[in-house]
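Here's start.cif, which has mmCIF, C-alpha atoms:
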data_protein
loop_
_atom_site.label_atom_id
_atom_site.label_comp_id
_atom_site.auth_asym_id
_atom_site.auth_seq_id
_atom_site.Cartn_x
_atom_site.Cartn_y
_atom_site.Cartn_z
CA MET U 1 26.78 -7.60 4.87
CA ALA U 2 26.68 -11.09 3.44
CA GLU U 3 24.40 -11.83 0.49
CA ASN U 4 22.02 -13.99 2.52
CA GLU U 5 21.66 -11.32 5.26
CA LYS U 6 19.83 -8.92 2.91
CA TYR U 7 16.57 -10.83 3.14
CA SER U 8 14.29 -11.60 6.05
CA ASP U 9 13.55 -15.17 7.19
CA ASP U 10 10.22 -15.05 5.31
CA GLU U 11 11.99 -14.15 2.08
CA ALA U 12 14.50 -16.95 2.55
CA ALA U 13 11.65 -19.45 3.03
CA PHE U 14 9.57 -18.08 0.16
CA PRO U 15 11.56 -16.54 -2.70
CA LEU U 16 10.90 -13.16 -4.23
CA ARG U 17 8.54 -13.11 -7.20
CA LEU U 18 8.79 -11.09 -10.38
CA VAL U 19 5.33 -10.10 -11.50
CA GLN U 20 4.47 -9.05 -15.05
CA VAL U 21 1.69 -6.46 -14.81
CA ALA U 22 -0.63 -4.82 -17.34
CA VAL U 23 -1.40 -1.39 -15.86
CA GLU U 24 -4.65 0.48 -16.52
CA ALA U 25 -2.92 3.28 -18.39
CA ALA U 26 -1.86 4.08 -21.93
CA ALA U 27 1.37 2.15 -21.33
CA PRO U 28 2.60 0.41 -24.49
CA SER U 29 3.85 -2.73 -22.75
CA PHE U 30 3.86 -4.73 -19.55
CA TYR U 31 5.79 -3.66 -16.44
CA THR U 32 7.68 -5.92 -14.07
CA TYR U 33 7.21 -5.46 -10.34
CA LEU U 34 8.62 -7.19 -7.30
CA ALA U 35 6.49 -9.14 -4.82
CA ARG U 36 8.03 -9.71 -1.39
CA SER U 37 6.62 -11.90 1.36
CA PRO U 38 3.71 -12.03 2.30
CA LEU U 39 2.48 -10.78 -1.11
CA ALA U 40 4.87 -13.14 -2.90
CA GLU U 41 2.98 -16.09 -1.42
CA ALA U 42 -0.43 -14.81 -2.53
CA VAL U 43 0.14 -13.28 -5.97
CA GLU U 44 -1.15 -15.20 -8.98
CA VAL U 45 -2.18 -14.64 -12.60
CA GLY U 46 -5.46 -12.79 -13.02
CA GLN U 47 -5.47 -10.87 -9.75
CA THR U 48 -6.13 -7.15 -9.58
CA ILE U 49 -3.40 -5.23 -7.77
CA VAL U 50 -2.25 -1.69 -6.98
CA VAL U 51 1.19 -0.70 -8.24
CA PRO U 52 3.22 2.51 -8.37
CA LEU U 53 3.42 4.10 -11.82
CA GLY U 54 5.60 7.19 -11.80
CA SER U 55 4.44 9.36 -8.92
CA ARG U 56 0.95 7.87 -8.67
CA LYS U 57 -0.74 4.59 -7.85
CA THR U 58 -2.68 2.68 -10.48
CA VAL U 59 -4.62 -0.54 -10.92
CA GLY U 60 -2.90 -3.42 -12.68
CA TYR U 61 -3.62 -6.99 -13.70
CA VAL U 62 -1.18 -9.81 -12.96
CA MET U 63 -0.29 -11.39 -16.31
CA ALA U 64 2.56 -13.70 -15.24
CA VAL U 65 4.52 -14.61 -12.09
CA LYS U 66 7.96 -16.17 -11.82
CA VAL U 67 10.53 -16.77 -9.09
CA ALA U 68 13.42 -14.31 -9.01
CA GLU U 69 16.38 -16.61 -9.64
CA LYS U 70 19.14 -14.02 -9.35
CA PRO U 71 19.47 -10.78 -7.37
CA VAL U 72 16.93 -8.20 -8.50
CA SER U 73 17.60 -4.59 -9.38
CA PRO U 74 17.16 -2.20 -6.44
CA ARG U 75 15.27 0.10 -8.87
CA LEU U 76 12.49 -2.49 -9.30
CA LYS U 77 9.30 -1.19 -7.69
CA GLU U 78 7.17 -3.35 -5.42
CA ILE U 79 3.50 -4.25 -5.59
CA ILE U 80 1.58 -2.10 -3.09
CA GLU U 81 -1.39 -4.38 -2.45
CA ILE U 82 -3.64 -7.05 -3.90
CA ILE U 83 -7.13 -5.61 -4.40
CA ARG U 84 -8.90 -8.79 -5.40
CA HIS U 85 -7.39 -12.10 -4.26
CA GLU U 86 -9.72 -14.16 -6.43
CA PRO U 87 -8.30 -14.10 -9.98
CA LEU U 88 -10.48 -12.53 -12.68
CA PHE U 89 -8.85 -14.66 -15.38
CA GLY U 90 -6.40 -17.51 -15.84
CA PRO U 91 -3.25 -18.05 -17.88
CA SER U 92 -5.15 -18.71 -21.14
CA LEU U 93 -6.96 -15.34 -21.03
CA SER U 94 -3.67 -13.72 -20.01
CA ARG U 95 -2.11 -15.06 -23.23
CA LEU U 96 -5.11 -13.84 -25.25
CA ILE U 97 -4.82 -10.35 -23.76
CA SER U 98 -1.11 -10.31 -24.61
CA PHE U 99 -1.82 -11.46 -28.18
CA ILE U 100 -4.54 -8.84 -28.76
CA ALA U 101 -2.41 -6.05 -27.25
CA ASN U 102 0.55 -6.98 -29.47
CA TYR U 103 -1.50 -7.57 -32.63
CA TYR U 104 -3.46 -4.30 -32.40
CA LEU U 105 -0.67 -2.28 -30.73
CA TYR U 106 -3.06 -1.48 -27.90
CA PRO U 107 -2.06 -0.92 -24.24
CA PRO U 108 -2.31 -4.31 -22.50
CA GLY U 109 -3.86 -2.93 -19.30
CA LEU U 110 -6.62 -1.19 -21.22
CA CYS U 111 -7.10 -4.34 -23.29
CA ALA U 112 -7.55 -6.38 -20.10
CA LYS U 113 -10.00 -3.83 -18.70
CA GLU U 114 -12.11 -3.93 -21.87
CA ILE U 115 -12.11 -7.73 -22.14
CA LEU U 116 -13.39 -8.19 -18.59
CA PRO U 117 -17.13 -7.90 -17.89
CA GLY U 118 -18.26 -4.43 -16.78
CA GLY U 119 -17.98 -3.61 -13.11
CA LEU U 120 -15.09 -5.98 -12.38
CA SER U 121 -12.36 -3.40 -12.83
CA PRO U 122 -11.70 -1.59 -9.54
CA SER U 123 -11.14 2.12 -9.35
CA LEU U 124 -8.73 4.20 -7.33
CA GLU U 125 -10.94 7.29 -7.52
CA LYS U 126 -11.34 9.28 -4.34
CA ILE U 127 -14.74 9.01 -2.69
CA ALA U 128 -16.28 11.84 -0.68
CA ALA U 129 -18.26 10.73 2.37
CA LEU U 130 -19.61 12.37 5.50
CA ASN U 131 -17.35 12.54 8.52
CA TYR U 132 -19.61 11.47 11.37
CA GLU U 133 -17.06 12.34 14.04
CA GLU U 134 -17.48 16.07 13.30
CA ARG U 135 -21.25 16.26 13.75
CA PRO U 136 -23.30 18.43 14.48
CA HIS U 137 -22.50 21.23 12.04
CA PRO U 138 -20.42 24.00 13.58
CA ARG U 139 -22.37 26.45 11.41
CA PRO U 140 -25.55 26.32 9.33
CA LEU U 141 -25.00 25.12 5.77
CA ILE U 142 -26.60 26.99 2.87
CA GLY U 143 -26.68 26.74 -0.91
CA ALA U 144 -24.36 24.26 -2.61
CA GLU U 145 -22.87 23.14 0.73
CA ALA U 146 -26.31 22.16 2.07
CA GLU U 147 -27.17 20.40 -1.22
CA LEU U 148 -23.85 18.51 -1.20
CA PHE U 149 -24.31 17.51 2.45
CA ALA U 150 -27.84 16.22 1.71
CA ARG U 151 -26.58 14.21 -1.28
CA LEU U 152 -23.82 12.63 0.80
CA GLU U 153 -26.34 11.77 3.53
CA GLN U 154 -28.38 9.85 0.93
CA ALA U 155 -25.29 7.99 -0.29
CA VAL U 156 -24.14 7.01 3.20
CA ALA U 157 -22.59 3.65 2.36
CA ALA U 158 -21.07 4.36 -1.03
CA GLY U 159 -20.34 8.07 -0.94
CA GLN U 160 -19.78 9.89 -4.22
CA THR U 161 -16.67 10.14 -6.37
CA VAL U 162 -14.91 13.48 -6.31
CA LYS U 163 -14.95 13.53 -10.14
CA GLU U 164 -18.76 13.24 -10.20
CA LEU U 165 -19.15 16.01 -7.64
CA GLU U 166 -16.76 18.33 -9.49
CA LYS U 167 -18.63 17.73 -12.78
CA GLU U 168 -21.78 18.95 -11.03
CA ASN U 169 -20.00 22.12 -9.81
CA PHE U 170 -19.73 21.02 -6.17
CA GLY U 171 -15.94 21.59 -6.18
CA PRO U 172 -15.89 24.80 -4.07
CA ALA U 173 -18.48 23.46 -1.61
CA LEU U 174 -16.55 20.19 -1.32
CA LYS U 175 -13.28 22.02 -0.58
CA LYS U 176 -14.97 24.09 2.12
CA LEU U 177 -16.56 21.06 3.80
CA LEU U 178 -13.26 19.16 3.58
CA ALA U 179 -11.46 22.05 5.26
CA GLU U 180 -14.05 22.03 8.06
CA LYS U 181 -13.73 18.22 8.31
CA GLN U 182 -17.46 17.76 7.67
CA VAL U 183 -16.56 15.54 4.70
CA GLU U 184 -13.65 13.14 4.27
CA LEU U 185 -12.06 11.42 1.29
CA LYS U 186 -11.72 7.66 1.25
#
Show me the file's structure as structure tokens.
Amino acid sequence: MAENEKYSDDEAAFPLRLVQVAVEAAAPSFYTYLARSPLAEAVEVGQTIVVPLGSRKTVGYVMAVKVAEKPVSPRLKEIIEIIRHEPLFGPSLSRLISFIANYYLYPPGLCAKEILPGGLSPSLEKIAALNYEERPHPRPLIGAEAELFARLEQAVAAGQTVKELEKENFGPALKKLLAEKQVELK
């Protein structure tokens, strides 16, 4: 296969991008990810994205973007998606985040999360919500299951995070309702 046959027509028209990312984890430095078309066209500094980190997905902040000038390593992981297309910060705040992370030896992704105003950092937590396709109940619900179902009915639009429900000892009831497909995770 010739070198230019490896890439699609979109990639030939718009080159691959190398994206420096600060992940929301206790990672000591930035990670570099690959952005292929169509993400390569849309990615810019300050956006919130989802990237693979080990065997899981995590939130990251785009700190820098550059064109891949030479062939990239096949081991380089790709950006999964852009969560927020509107940038939360520009290049100057990106440099400040880098400076603070280096000066205080603090993880850059956590530094970015703490610098941003509250509520702007997205979460990848699983949300429990009612499954309306499986109604009515195949059996009467009692105890914790009934209480959990009532709580999820009140939080129709937003649902509840699995972590919150497990903290309140709804774990067993949640598992049972998930198995019966009364509740789904989003």
(message) At a cut-off of 10 Å around the point (-15.1, 21.3, -1.7) (file coordinates), what residues fall inside when counting all atoms listed in the file? I'd like the answer as a list in words.
(response) Ala128, Ala144, Glu145, Leu148, Val162, Leu165, Glu166, Asn169, Phe170, Gly171, Pro172, Ala173, Leu174, Lys175, Lys176, Leu177, Leu178, Ala179, Glu180 and Val183 of chain U
Quick one: what's the axis-aligned box for stretch 81-90 of chain U, all listed atoms, 3 Å on every side, centre and edges in Å to one decimal, as JSON?
{"center_x": -5.9, "center_y": -10.9, "center_z": -9.1, "size_x": 15.1, "size_y": 19.1, "size_z": 19.4}
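Atom pair atom CA of U:Gln182 / atom CA of U:Ala150 has a distance of 12.1 Å (rounded to one decimal).
Taking all atoms listed in the file, the non-local environment of U:Leu88 within 12 Å (same-chain residues fewer than 4 positions away omitted) comprises U:Glu44, U:Val45, U:Gly46, U:Gln47, U:Thr48, U:Ile49, U:Gly60, U:Tyr61, U:Val62, U:Met63, U:Ile83, U:Arg84, U:Ser92, U:Leu93, U:Ser94, U:Ala112, U:Lys113, U:Ile115, U:Leu116, U:Pro117, U:Gly118, U:Gly119, U:Leu120, U:Ser121, U:Pro122.
Checking U:Ala64, U:Val19, U:Ala129, U:Val43 one by one against U:Lys77, counting all atoms listed in the file, you find the shortest gap at U:Val19.
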Which residues match the PyMOL selection byres ((chain U and resi 25-38) around 10) in the file above, as a PDB file with C-alpha atoms, in the coordinates of the input?
ATOM      1  CA  TYR U   7      16.570 -10.830   3.140  1.00  0.00           C
ATOM      2  CA  SER U   8      14.290 -11.600   6.050  1.00  0.00           C
ATOM      3  CA  ASP U   9      13.550 -15.170   7.190  1.00  0.00           C
ATOM      4  CA  ASP U  10      10.220 -15.050   5.310  1.00  0.00           C
ATOM      5  CA  GLU U  11      11.990 -14.150   2.080  1.00  0.00           C
ATOM      6  CA  ALA U  12      14.500 -16.950   2.550  1.00  0.00           C
ATOM      7  CA  ALA U  13      11.650 -19.450   3.030  1.00  0.00           C
ATOM      8  CA  PHE U  14       9.570 -18.080   0.160  1.00  0.00           C
ATOM      9  CA  PRO U  15      11.560 -16.540  -2.700  1.00  0.00           C
ATOM     10  CA  LEU U  16      10.900 -13.160  -4.230  1.00  0.00           C
ATOM     11  CA  ARG U  17       8.540 -13.110  -7.200  1.00  0.00           C
ATOM     12  CA  LEU U  18       8.790 -11.090 -10.380  1.00  0.00           C
ATOM     13  CA  VAL U  19       5.330 -10.100 -11.500  1.00  0.00           C
ATOM     14  CA  GLN U  20       4.470  -9.050 -15.050  1.00  0.00           C
ATOM     15  CA  VAL U  21       1.690  -6.460 -14.810  1.00  0.00           C
ATOM     16  CA  ALA U  22      -0.630  -4.820 -17.340  1.00  0.00           C
ATOM     17  CA  VAL U  23      -1.400  -1.390 -15.860  1.00  0.00           C
ATOM     18  CA  GLU U  24      -4.650   0.480 -16.520  1.00  0.00           C
ATOM     19  CA  LEU U  39       2.480 -10.780  -1.110  1.00  0.00           C
ATOM     20  CA  ALA U  40       4.870 -13.140  -2.900  1.00  0.00           C
ATOM     21  CA  GLU U  41       2.980 -16.090  -1.420  1.00  0.00           C
ATOM     22  CA  ALA U  42      -0.430 -14.810  -2.530  1.00  0.00           C
ATOM     23  CA  VAL U  43       0.140 -13.280  -5.970  1.00  0.00           C
ATOM     24  CA  VAL U  51       1.190  -0.700  -8.240  1.00  0.00           C
ATOM     25  CA  PRO U  52       3.220   2.510  -8.370  1.00  0.00           C
ATOM     26  CA  LEU U  53       3.420   4.100 -11.820  1.00  0.00           C
ATOM     27  CA  THR U  58      -2.680   2.680 -10.480  1.00  0.00           C
ATOM     28  CA  VAL U  59      -4.620  -0.540 -10.920  1.00  0.00           C
ATOM     29  CA  GLY U  60      -2.900  -3.420 -12.680  1.00  0.00           C
ATOM     30  CA  TYR U  61      -3.620  -6.990 -13.700  1.00  0.00           C
ATOM     31  CA  VAL U  62      -1.180  -9.810 -12.960  1.00  0.00           C
ATOM     32  CA  MET U  63      -0.290 -11.390 -16.310  1.00  0.00           C
ATOM     33  CA  ALA U  64       2.560 -13.700 -15.240  1.00  0.00           C
ATOM     34  CA  VAL U  65       4.520 -14.610 -12.090  1.00  0.00           C
ATOM     35  CA  VAL U  67      10.530 -16.770  -9.090  1.00  0.00           C
ATOM     36  CA  ALA U  68      13.420 -14.310  -9.010  1.00  0.00           C
ATOM     37  CA  VAL U  72      16.930  -8.200  -8.500  1.00  0.00           C
ATOM     38  CA  SER U  73      17.600  -4.590  -9.380  1.00  0.00           C
ATOM     39  CA  PRO U  74      17.160  -2.200  -6.440  1.00  0.00           C
ATOM     40  CA  ARG U  75      15.270   0.100  -8.870  1.00  0.00           C
ATOM     41  CA  LEU U  76      12.490  -2.490  -9.300  1.00  0.00           C
ATOM     42  CA  LYS U  77       9.300  -1.190  -7.690  1.00  0.00           C
ATOM     43  CA  GLU U  78       7.170  -3.350  -5.420  1.00  0.00           C
ATOM     44  CA  ILE U  79       3.500  -4.250  -5.590  1.00  0.00           C
ATOM     45  CA  ILE U  80       1.580  -2.100  -3.090  1.00  0.00           C
ATOM     46  CA  GLU U  81      -1.390  -4.380  -2.450  1.00  0.00           C
ATOM     47  CA  SER U  98      -1.110 -10.310 -24.610  1.00  0.00           C
ATOM     48  CA  ALA U 101      -2.410  -6.050 -27.250  1.00  0.00           C
ATOM     49  CA  ASN U 102       0.550  -6.980 -29.470  1.00  0.00           C
ATOM     50  CA  LEU U 105      -0.670  -2.280 -30.730  1.00  0.00           C
ATOM     51  CA  TYR U 106      -3.060  -1.480 -27.900  1.00  0.00           C
ATOM     52  CA  PRO U 107      -2.060  -0.920 -24.240  1.00  0.00           C
ATOM     53  CA  PRO U 108      -2.310  -4.310 -22.500  1.00  0.00           C
ATOM     54  CA  GLY U 109      -3.860  -2.930 -19.300  1.00  0.00           C
ATOM     55  CA  LEU U 110      -6.620  -1.190 -21.220  1.00  0.00           C
ATOM     56  CA  CYS U 111      -7.100  -4.340 -23.290  1.00  0.00           C
TER      57      CYS U 111
END
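Restricting the calculation to all atoms listed in the file, the smallest distance between U:Leu130 and any of U:Lys181, U:Lys167, U:Lys66, U:Arg56 is found for U:Lys181.
Note that atom CA of U:Ile97 and atom CA of U:Lys57 are 22.2 Å apart.
Separating atom CA of U:Glu168 from atom CA of U:Glu184 is a distance of 18.3 Å.
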Where atoms are lacking, stretch 60-73 of chain U completed to N, CA and C atoms, as a CSV table (one decimal), keeping the file's coordinate frame:
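Writing done, so here's part02.csv:
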chain,number,residue,atom,x,y,z
U,60,GLY,N,-3.5,-2.6,-11.7
U,60,GLY,CA,-2.9,-3.4,-12.7
U,60,GLY,C,-3.4,-4.8,-12.6
U,61,TYR,N,-3.2,-5.6,-13.6
U,61,TYR,CA,-3.6,-7.0,-13.7
U,61,TYR,C,-2.4,-7.9,-13.8
U,62,VAL,N,-2.3,-8.9,-13.0
U,62,VAL,CA,-1.2,-9.8,-13.0
U,62,VAL,C,-1.3,-10.7,-14.2
U,63,MET,N,-0.3,-10.6,-15.1
U,63,MET,CA,-0.3,-11.4,-16.3
U,63,MET,C,0.6,-12.6,-16.2
U,64,ALA,N,1.6,-12.6,-15.4
U,64,ALA,CA,2.6,-13.7,-15.2
U,64,ALA,C,3.3,-13.5,-13.9
U,65,VAL,N,3.7,-14.6,-13.3
U,65,VAL,CA,4.5,-14.6,-12.1
U,65,VAL,C,5.6,-15.6,-12.2
U,66,LYS,N,6.9,-15.2,-11.8
U,66,LYS,CA,8.0,-16.2,-11.8
U,66,LYS,C,8.9,-15.9,-10.6
U,67,VAL,N,9.6,-16.9,-10.2
U,67,VAL,CA,10.5,-16.8,-9.1
U,67,VAL,C,11.8,-16.0,-9.6
U,68,ALA,N,12.2,-15.1,-8.7
U,68,ALA,CA,13.4,-14.3,-9.0
U,68,ALA,C,14.6,-15.2,-8.7
U,69,GLU,N,15.3,-15.6,-9.8
U,69,GLU,CA,16.4,-16.6,-9.6
U,69,GLU,C,17.7,-16.0,-9.3
U,70,LYS,N,17.9,-14.7,-9.6
U,70,LYS,CA,19.1,-14.0,-9.4
U,70,LYS,C,18.8,-12.7,-8.6
U,71,PRO,N,19.8,-12.0,-8.1
U,71,PRO,CA,19.5,-10.8,-7.4
U,71,PRO,C,18.7,-9.8,-8.3
U,72,VAL,N,17.7,-9.1,-7.7
U,72,VAL,CA,16.9,-8.2,-8.5
U,72,VAL,C,17.5,-6.8,-8.4
U,73,SER,N,17.2,-6.0,-9.4
U,73,SER,CA,17.6,-4.6,-9.4
U,73,SER,C,17.0,-3.8,-8.2
